[in-house]
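Asker: Let me begin by handing over the structure; questions about it come next.
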Amino acid sequence: MLDYVDLKYKPTKNDLVVQYYVEPAKGLTFEQACEQVAAESSIGTWTELSTMNKKIATKLRPSVYSINKKKRLARIAYPQELFEAGNMPQILSAIAGNIYGMKVIDNLRLTDITFPKKMVQSFKGPRYGIKGIRKMLKLPKRPLLGTIVKPKVGLDEAHHAKVAYDSWVGGLDIVKDDENLTSMSFNNFQKRIDKTLKLRDKAERETGEKKIYMPNITAETFEMLKRAKYVERHGGEYVMVDVLTAGFAGLQTVRDHVFQVLHAHRAGHGALTRNPKHGITMHVLAMISRLIGVDQLHIGTADVGKMEGSPDEVLEIEREIEEPMIKGKNHILAQDWHGVKPVFAVASGGLHPGSIPKVHARMGPDVIMQFGGGVHGHPNGTLSGARAVRQAMDAVQHKSSLTDWAQNRVELKKALIKWGEAK
């Protein structure tokens, strides 16, 4: 008897609904595998229990209410009472915990979630979101342009700050630490903040434009809070966290106690997302990150840059997925979630000036484009690389081809000679 499979069940507004891709182990039916996934992720286990009473079974039992054997998709509706509101680690320990280690499945992938309103409102969501960031930078329409200081690690504080300065005066809006630069023996966090923010102020005076620095505060949780406070005292409006390696509990703490814009780097996501049959989709990680409260999130470049990820895989985050559980024209970073602010998508990884038209066409204006080697690898250095990026964006804004726009702009012309234009 399948106690958890109920194809007549209709999810209620108080259910947390999860969609899984399921591959049963040899000898088991699809229904049997789904039965065990539902049991292990909620109130059940591998055998009958003397401690299970009718009240628990009736009130807290989830229901496998939808099965698509052709696509190997199953949807399970969980009563919200199974979860502690505002506690993302507990929620994930249930719906993305022990079930991955069960012998009854060969592969399992968490592909989508819908959260009930009460649970959504137990999280704070983004403090600023897209509108708040655009207001801060006074850029109401165009994509934001940024760079990551390269090399990733190795520069001392003064050289790091100078690279940032050249990037800003060249025309970029944002400079970001890389994911593995924190506080090093050769590049101390506090000294880096002091020197970089001073040159940020200088760049703002010289260009008349707002400039942003995103220092990486990733560390032990209390240390992250100390670093964020240091940035705040020195006039920094942003901080960056490697959200997966820091953990969702650490991310929640930072969101609750830090008042800067929160930039989320997804370092480590491939361990969860890359296998198309197992793990958790980036779509789901993006949902969780938005719910907790990041303002910006790396989602990939739609196969334009160096990182793995097809256009469909990236655009399922920024736009739509194959079988969305929340239908509508908005993508998941901007869907109407009971007042939760939308999140700025970040495209980063192998981009250069010639990538801009294609990324813009695929991802639209509400995207932050970040260029590392595509700025600092310019034949004439960082300043020219930044100018080339800004010139390429100007070409897109004026609906001109990059080739035509580059005729009288030597920085863009040299960038196109070196890297070409993404097709």
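Going through the structure tokens in order, the chains are called A, B, and so on, while each chain numbers its residues from 1 and the ligands are numbered from 1 in the order shown.
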Would you return as a PyMOL selection string the members of region 143-341 of chain A that DSSP assigns to strand (DSSP E) on this structure's backbone?

Answerer: chain A and resi 144-148+174-176+212-214+238-242+261-265+279-280+296-298

Asker: Just the residues within 8 Å of Gln190 (chain A), please, counting only C-alpha atoms, with nothing from its chain fewer than 4 positions along; format it as a PDB file with C-alpha atoms, in the first residue's frame.

Answerer:
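Result file follows (part.pdb):
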```pdb
ATOM      1  CA  SER A 183      41.979  38.742   4.422  1.00  0.00           C
ATOM      2  CA  ASP A 194      40.832  51.760   3.526  1.00  0.00           C
ATOM      3  CA  TYR A 230      34.130  47.982   9.268  1.00  0.00           C
TER       4      TYR A 230
END
```

Asker: Tell me, as a short mmCIF file (atom, residue, chain, number, x, y, z; two decimals) with N, CA and C atoms, in the first residue's frame, which residues lie within 7 Å of region 142-149 of chain A, counting only C-alpha atoms; anything in the same chain fewer than 6 positions away does not count.

Answerer:
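Just written: out-v9.cif:
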```cif
data_model
loop_
_atom_site.label_atom_id
_atom_site.label_comp_id
_atom_site.auth_asym_id
_atom_site.auth_seq_id
_atom_site.Cartn_x
_atom_site.Cartn_y
_atom_site.Cartn_z
N HIS A 160 45.80 46.52 -5.50
CA HIS A 160 44.38 46.21 -5.63
C HIS A 160 43.57 47.50 -5.79
N VAL A 163 44.06 49.12 -9.26
CA VAL A 163 43.30 48.43 -10.30
C VAL A 163 41.83 48.85 -10.24
N ALA A 164 41.29 48.94 -9.02
CA ALA A 164 39.91 49.37 -8.85
C ALA A 164 39.71 50.79 -9.38
N LEU A 172 33.52 52.02 -15.55
CA LEU A 172 32.73 50.96 -14.91
C LEU A 172 32.05 51.49 -13.65
N ASP A 173 30.93 50.86 -13.31
CA ASP A 173 30.16 51.26 -12.13
C ASP A 173 30.64 50.55 -10.87
N ILE A 174 31.12 49.32 -11.03
CA ILE A 174 31.33 48.42 -9.90
C ILE A 174 32.71 47.77 -9.97
N VAL A 175 33.32 47.62 -8.81
CA VAL A 175 34.51 46.78 -8.67
C VAL A 175 34.24 45.79 -7.55
N LYS A 176 34.56 44.52 -7.79
CA LYS A 176 34.25 43.46 -6.84
C LYS A 176 35.49 42.63 -6.51
N ASP A 177 35.60 42.24 -5.24
CA ASP A 177 36.60 41.23 -4.86
C ASP A 177 36.23 39.90 -5.50
N ASP A 178 37.24 39.06 -5.71
CA ASP A 178 36.93 37.72 -6.19
C ASP A 178 36.54 36.82 -5.02
N PRO A 365 17.81 44.40 -19.69
CA PRO A 365 18.50 45.50 -19.02
C PRO A 365 18.75 45.28 -17.53
N ASP A 366 17.94 44.47 -16.87
CA ASP A 366 18.10 44.27 -15.43
C ASP A 366 19.13 43.18 -15.15
N VAL A 367 20.36 43.48 -15.51
CA VAL A 367 21.46 42.54 -15.30
C VAL A 367 22.71 43.34 -14.97
N ILE A 368 23.55 42.77 -14.13
CA ILE A 368 24.87 43.34 -13.85
C ILE A 368 25.88 42.50 -14.60
N MET A 369 26.57 43.11 -15.55
CA MET A 369 27.60 42.40 -16.32
C MET A 369 28.96 42.67 -15.69
N GLN A 370 29.66 41.59 -15.39
CA GLN A 370 30.97 41.72 -14.74
C GLN A 370 32.06 41.09 -15.61
N PHE A 371 33.16 41.80 -15.72
CA PHE A 371 34.26 41.42 -16.60
C PHE A 371 35.55 41.40 -15.79
N GLY A 372 36.22 40.24 -15.75
CA GLY A 372 37.51 40.15 -15.08
C GLY A 372 38.63 40.26 -16.09
#
```

Asker: Report as a ChimeraX atom specification: the residues of region 81-252 of chain A with a DSSP assignment of helix (DSSP H, G or I), based on the backbone of this structure.

Answerer: /A:81-82,88-95,98-101,117-120,129-137,157-169,189-207,221-233,243-246,248-252

Asker: Kindly save the residues from that selection, with C-alpha atoms included, as a PDB file, in the first residue's frame.

Answerer:
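Once everything was written out, this is result14.pdb:
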```
ATOM      1  CA  GLU A  81       3.522  22.554   9.955  1.00  0.00           C
ATOM      2  CA  LEU A  82       6.421  20.245   9.081  1.00  0.00           C
ATOM      3  CA  MET A  88      16.085  27.702   5.986  1.00  0.00           C
ATOM      4  CA  PRO A  89      18.558  25.073   7.288  1.00  0.00           C
ATOM      5  CA  GLN A  90      15.686  23.090   8.825  1.00  0.00           C
ATOM      6  CA  ILE A  91      13.583  23.359   5.676  1.00  0.00           C
ATOM      7  CA  LEU A  92      16.423  22.090   3.521  1.00  0.00           C
ATOM      8  CA  SER A  93      17.302  19.331   5.984  1.00  0.00           C
ATOM      9  CA  ALA A  94      13.836  17.981   5.230  1.00  0.00           C
ATOM     10  CA  ILE A  95      13.328  18.467   1.496  1.00  0.00           C
ATOM     11  CA  ASN A  98      18.656  12.394   3.927  1.00  0.00           C
ATOM     12  CA  ILE A  99      16.683  11.670   0.765  1.00  0.00           C
ATOM     13  CA  TYR A 100      19.811  12.050  -1.362  1.00  0.00           C
ATOM     14  CA  GLY A 101      21.468   9.115   0.355  1.00  0.00           C
ATOM     15  CA  LYS A 117       2.617  32.888   2.058  1.00  0.00           C
ATOM     16  CA  LYS A 118       3.214  32.536   5.799  1.00  0.00           C
ATOM     17  CA  MET A 119       6.603  30.936   5.172  1.00  0.00           C
ATOM     18  CA  VAL A 120       7.594  33.552   2.579  1.00  0.00           C
ATOM     19  CA  GLY A 129      16.474  44.908  -4.657  1.00  0.00           C
ATOM     20  CA  ILE A 130      16.732  46.192  -8.202  1.00  0.00           C
ATOM     21  CA  LYS A 131      14.979  49.520  -7.651  1.00  0.00           C
ATOM     22  CA  GLY A 132      16.985  50.340  -4.548  1.00  0.00           C
ATOM     23  CA  ILE A 133      20.280  49.625  -6.291  1.00  0.00           C
ATOM     24  CA  ARG A 134      19.336  51.632  -9.361  1.00  0.00           C
ATOM     25  CA  LYS A 135      18.350  54.549  -7.125  1.00  0.00           C
ATOM     26  CA  MET A 136      21.694  54.360  -5.313  1.00  0.00           C
ATOM     27  CA  LEU A 137      23.655  54.443  -8.564  1.00  0.00           C
ATOM     28  CA  GLU A 157      46.340  46.380  -0.901  1.00  0.00           C
ATOM     29  CA  ALA A 158      47.795  49.339  -2.831  1.00  0.00           C
ATOM     30  CA  HIS A 159      47.900  47.542  -6.175  1.00  0.00           C
ATOM     31  CA  HIS A 160      44.380  46.212  -5.628  1.00  0.00           C
ATOM     32  CA  ALA A 161      43.094  49.733  -4.983  1.00  0.00           C
ATOM     33  CA  LYS A 162      44.877  51.096  -8.075  1.00  0.00           C
ATOM     34  CA  VAL A 163      43.299  48.432 -10.298  1.00  0.00           C
ATOM     35  CA  ALA A 164      39.906  49.370  -8.853  1.00  0.00           C
ATOM     36  CA  TYR A 165      40.549  53.063  -9.475  1.00  0.00           C
ATOM     37  CA  ASP A 166      41.550  52.510 -13.109  1.00  0.00           C
ATOM     38  CA  SER A 167      38.389  50.455 -13.620  1.00  0.00           C
ATOM     39  CA  TRP A 168      36.154  53.171 -12.204  1.00  0.00           C
ATOM     40  CA  VAL A 169      37.676  56.097 -14.092  1.00  0.00           C
ATOM     41  CA  PHE A 189      41.065  43.091   4.633  1.00  0.00           C
ATOM     42  CA  GLN A 190      41.024  46.328   6.609  1.00  0.00           C
ATOM     43  CA  LYS A 191      43.951  47.873   4.749  1.00  0.00           C
ATOM     44  CA  ARG A 192      42.341  46.919   1.437  1.00  0.00           C
ATOM     45  CA  ILE A 193      39.068  48.564   2.458  1.00  0.00           C
ATOM     46  CA  ASP A 194      40.832  51.760   3.526  1.00  0.00           C
ATOM     47  CA  LYS A 195      42.844  52.160   0.336  1.00  0.00           C
ATOM     48  CA  THR A 196      40.166  51.035  -2.112  1.00  0.00           C
ATOM     49  CA  LEU A 197      37.378  53.200  -0.705  1.00  0.00           C
ATOM     50  CA  LYS A 198      39.650  56.259  -0.710  1.00  0.00           C
ATOM     51  CA  LEU A 199      40.314  55.746  -4.407  1.00  0.00           C
ATOM     52  CA  ARG A 200      36.606  55.096  -4.972  1.00  0.00           C
ATOM     53  CA  ASP A 201      35.905  58.572  -3.571  1.00  0.00           C
ATOM     54  CA  LYS A 202      38.592  60.030  -5.827  1.00  0.00           C
ATOM     55  CA  ALA A 203      37.083  58.309  -8.867  1.00  0.00           C
ATOM     56  CA  GLU A 204      33.644  59.669  -8.009  1.00  0.00           C
ATOM     57  CA  ARG A 205      34.977  63.212  -7.789  1.00  0.00           C
ATOM     58  CA  GLU A 206      36.777  62.902 -11.107  1.00  0.00           C
ATOM     59  CA  THR A 207      33.979  61.222 -13.079  1.00  0.00           C
ATOM     60  CA  THR A 221      29.706  34.244  10.823  1.00  0.00           C
ATOM     61  CA  PHE A 222      30.659  36.667  13.604  1.00  0.00           C
ATOM     62  CA  GLU A 223      33.743  37.707  11.650  1.00  0.00           C
ATOM     63  CA  MET A 224      31.524  38.488   8.654  1.00  0.00           C
ATOM     64  CA  LEU A 225      29.491  40.834  10.830  1.00  0.00           C
ATOM     65  CA  LYS A 226      32.655  42.556  12.092  1.00  0.00           C
ATOM     66  CA  ARG A 227      33.925  43.011   8.562  1.00  0.00           C
ATOM     67  CA  ALA A 228      30.594  44.389   7.364  1.00  0.00           C
ATOM     68  CA  LYS A 229      30.610  46.918  10.192  1.00  0.00           C
ATOM     69  CA  TYR A 230      34.130  47.982   9.268  1.00  0.00           C
ATOM     70  CA  VAL A 231      33.040  48.524   5.660  1.00  0.00           C
ATOM     71  CA  GLU A 232      30.026  50.529   6.838  1.00  0.00           C
ATOM     72  CA  ARG A 233      32.132  52.773   9.094  1.00  0.00           C
ATOM     73  CA  VAL A 243      26.561  32.222  -0.022  1.00  0.00           C
ATOM     74  CA  LEU A 244      27.009  28.476  -0.447  1.00  0.00           C
ATOM     75  CA  THR A 245      30.367  28.097   1.249  1.00  0.00           C
ATOM     76  CA  ALA A 246      29.307  30.452   4.036  1.00  0.00           C
ATOM     77  CA  PHE A 248      22.433  29.660   4.384  1.00  0.00           C
ATOM     78  CA  ALA A 249      22.435  30.091   8.168  1.00  0.00           C
ATOM     79  CA  GLY A 250      25.375  32.467   7.884  1.00  0.00           C
ATOM     80  CA  LEU A 251      23.644  34.248   5.010  1.00  0.00           C
ATOM     81  CA  GLN A 252      20.507  34.736   7.104  1.00  0.00           C
TER      82      GLN A 252
END
```

Asker: Just the residues within 12 Å of Met287 (chain A), please, counting only C-alpha atoms, with nothing from its chain fewer than 6 positions along; format it as number ranges by chain.

Answerer: A: 88, 111-115, 120, 123, 125-126, 280-281, 293-294, 297, 299, 316-318, 326, 331-335, 337, 340, 342-343

Asker: Please produce a file of the residues just selected, as a PDB file, in the first residue's frame, where the atoms kept are N, CA and C atoms.

Answerer:
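So the final result, stored in out-v7.pdb, reads:
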```
ATOM      1  N   MET A  88      15.766  28.360   7.256  1.00  0.00           N
ATOM      2  CA  MET A  88      16.085  27.702   5.986  1.00  0.00           C
ATOM      3  C   MET A  88      16.891  26.421   6.172  1.00  0.00           C
ATOM      4  N   THR A 111      14.095  20.359  -8.242  1.00  0.00           N
ATOM      5  CA  THR A 111      14.033  21.269  -9.383  1.00  0.00           C
ATOM      6  C   THR A 111      13.182  22.513  -9.167  1.00  0.00           C
ATOM      7  N   ASP A 112      12.263  22.488  -8.208  1.00  0.00           N
ATOM      8  CA  ASP A 112      11.401  23.662  -8.015  1.00  0.00           C
ATOM      9  C   ASP A 112      10.724  23.584  -6.650  1.00  0.00           C
ATOM     10  N   ILE A 113      10.362  24.751  -6.132  1.00  0.00           N
ATOM     11  CA  ILE A 113       9.650  24.851  -4.848  1.00  0.00           C
ATOM     12  C   ILE A 113       8.631  25.976  -4.949  1.00  0.00           C
ATOM     13  N   THR A 114       7.477  25.793  -4.315  1.00  0.00           N
ATOM     14  CA  THR A 114       6.607  26.928  -4.008  1.00  0.00           C
ATOM     15  C   THR A 114       6.413  26.962  -2.499  1.00  0.00           C
ATOM     16  N   PHE A 115       6.573  28.161  -1.942  1.00  0.00           N
ATOM     17  CA  PHE A 115       6.455  28.355  -0.506  1.00  0.00           C
ATOM     18  C   PHE A 115       5.104  28.995  -0.178  1.00  0.00           C
ATOM     19  N   VAL A 120       6.917  32.481   3.305  1.00  0.00           N
ATOM     20  CA  VAL A 120       7.594  33.552   2.579  1.00  0.00           C
ATOM     21  C   VAL A 120       7.788  34.758   3.488  1.00  0.00           C
ATOM     22  N   PHE A 123      10.678  35.220   6.145  1.00  0.00           N
ATOM     23  CA  PHE A 123      12.015  35.640   5.713  1.00  0.00           C
ATOM     24  C   PHE A 123      11.964  37.106   5.297  1.00  0.00           C
ATOM     25  N   GLY A 125      13.767  38.742   2.814  1.00  0.00           N
ATOM     26  CA  GLY A 125      13.925  39.096   1.414  1.00  0.00           C
ATOM     27  C   GLY A 125      14.950  40.206   1.241  1.00  0.00           C
ATOM     28  N   PRO A 126      15.171  40.644  -0.003  1.00  0.00           N
ATOM     29  CA  PRO A 126      16.173  41.682  -0.265  1.00  0.00           C
ATOM     30  C   PRO A 126      15.844  42.993   0.443  1.00  0.00           C
ATOM     31  N   ILE A 280      20.608  19.770  -6.794  1.00  0.00           N
ATOM     32  CA  ILE A 280      19.642  20.862  -6.689  1.00  0.00           C
ATOM     33  C   ILE A 280      19.890  21.800  -7.858  1.00  0.00           C
ATOM     34  N   THR A 281      18.849  22.286  -8.482  1.00  0.00           N
ATOM     35  CA  THR A 281      19.029  23.205  -9.604  1.00  0.00           C
ATOM     36  C   THR A 281      19.430  24.591  -9.103  1.00  0.00           C
ATOM     37  N   GLY A 293      17.321  36.927   1.273  1.00  0.00           N
ATOM     38  CA  GLY A 293      17.467  38.367   1.187  1.00  0.00           C
ATOM     39  C   GLY A 293      18.681  38.918   0.479  1.00  0.00           C
ATOM     40  N   VAL A 294      19.242  38.202  -0.509  1.00  0.00           N
ATOM     41  CA  VAL A 294      20.328  38.807  -1.282  1.00  0.00           C
ATOM     42  C   VAL A 294      19.734  39.838  -2.240  1.00  0.00           C
ATOM     43  N   LEU A 297      22.623  38.375  -7.399  1.00  0.00           N
ATOM     44  CA  LEU A 297      22.991  36.968  -7.406  1.00  0.00           C
ATOM     45  C   LEU A 297      23.597  36.575  -8.736  1.00  0.00           C
ATOM     46  N   ILE A 299      24.159  34.254 -11.714  1.00  0.00           N
ATOM     47  CA  ILE A 299      23.350  33.177 -12.290  1.00  0.00           C
ATOM     48  C   ILE A 299      23.964  32.580 -13.540  1.00  0.00           C
ATOM     49  N   GLU A 316      16.240  29.852 -17.162  1.00  0.00           N
ATOM     50  CA  GLU A 316      15.205  29.302 -16.290  1.00  0.00           C
ATOM     51  C   GLU A 316      15.214  30.029 -14.955  1.00  0.00           C
ATOM     52  N   ILE A 317      16.340  30.638 -14.616  1.00  0.00           N
ATOM     53  CA  ILE A 317      16.423  31.433 -13.393  1.00  0.00           C
ATOM     54  C   ILE A 317      15.899  32.828 -13.657  1.00  0.00           C
ATOM     55  N   GLU A 318      16.399  33.446 -14.731  1.00  0.00           N
ATOM     56  CA  GLU A 318      16.065  34.841 -14.956  1.00  0.00           C
ATOM     57  C   GLU A 318      14.731  35.013 -15.659  1.00  0.00           C
ATOM     58  N   ILE A 326       4.955  28.191 -10.584  1.00  0.00           N
ATOM     59  CA  ILE A 326       4.340  29.516 -10.547  1.00  0.00           C
ATOM     60  C   ILE A 326       4.402  30.050 -11.964  1.00  0.00           C
ATOM     61  N   HIS A 331      10.289  36.247 -14.417  1.00  0.00           N
ATOM     62  CA  HIS A 331      11.206  35.190 -14.018  1.00  0.00           C
ATOM     63  C   HIS A 331      11.249  35.099 -12.489  1.00  0.00           C
ATOM     64  N   ILE A 332      11.934  34.081 -11.985  1.00  0.00           N
ATOM     65  CA  ILE A 332      11.843  33.824 -10.549  1.00  0.00           C
ATOM     66  C   ILE A 332      12.561  34.853  -9.693  1.00  0.00           C
ATOM     67  N   LEU A 333      13.477  35.617 -10.285  1.00  0.00           N
ATOM     68  CA  LEU A 333      14.100  36.673  -9.501  1.00  0.00           C
ATOM     69  C   LEU A 333      13.203  37.897  -9.370  1.00  0.00           C
ATOM     70  N   ALA A 334      12.086  37.896 -10.106  1.00  0.00           N
ATOM     71  CA  ALA A 334      11.194  39.051 -10.060  1.00  0.00           C
ATOM     72  C   ALA A 334       9.716  38.688  -9.935  1.00  0.00           C
ATOM     73  N   GLN A 335       9.397  37.413  -9.721  1.00  0.00           N
ATOM     74  CA  GLN A 335       8.006  37.032  -9.531  1.00  0.00           C
ATOM     75  C   GLN A 335       7.419  37.732  -8.306  1.00  0.00           C
ATOM     76  N   TRP A 337       6.190  37.712  -5.057  1.00  0.00           N
ATOM     77  CA  TRP A 337       6.243  36.847  -3.878  1.00  0.00           C
ATOM     78  C   TRP A 337       5.771  37.611  -2.653  1.00  0.00           C
ATOM     79  N   VAL A 340       8.023  40.500  -1.718  1.00  0.00           N
ATOM     80  CA  VAL A 340       9.476  40.310  -1.686  1.00  0.00           C
ATOM     81  C   VAL A 340      10.097  41.016  -2.888  1.00  0.00           C
ATOM     82  N   PRO A 342      12.478  42.158  -5.982  1.00  0.00           N
ATOM     83  CA  PRO A 342      13.208  41.398  -7.002  1.00  0.00           C
ATOM     84  C   PRO A 342      14.715  41.540  -6.830  1.00  0.00           C
ATOM     85  N   VAL A 343      15.448  40.562  -7.363  1.00  0.00           N
ATOM     86  CA  VAL A 343      16.897  40.474  -7.224  1.00  0.00           C
ATOM     87  C   VAL A 343      17.570  40.787  -8.556  1.00  0.00           C
TER      88      VAL A 343
END
```

Asker: Using only C-alpha atoms, find the one residue out of A:Leu108, A:Asp15, A:Tyr20, A:Lys103 that sits nearest to Leu60 (chain A).

Answerer: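 Under the stated criterion, the closest residue is A:Asp15.
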
Asker: Taking only C-alpha atoms into account, name the residue in A:Gln296, A:Gln121, A:Thr218, A:Gln19 that is nearest to Cys34 (chain A).

Answerer: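 That would be A:Gln19, the residue with the smallest distance to Cys34 (chain A).
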
Asker: How many Å separate CA of Ile292 (chain A) from CA of Leu351 (chain A)?

Answerer: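 Atom-to-atom, CA of Ile292 (chain A) to CA of Leu351 (chain A), that is 28.4 Å.
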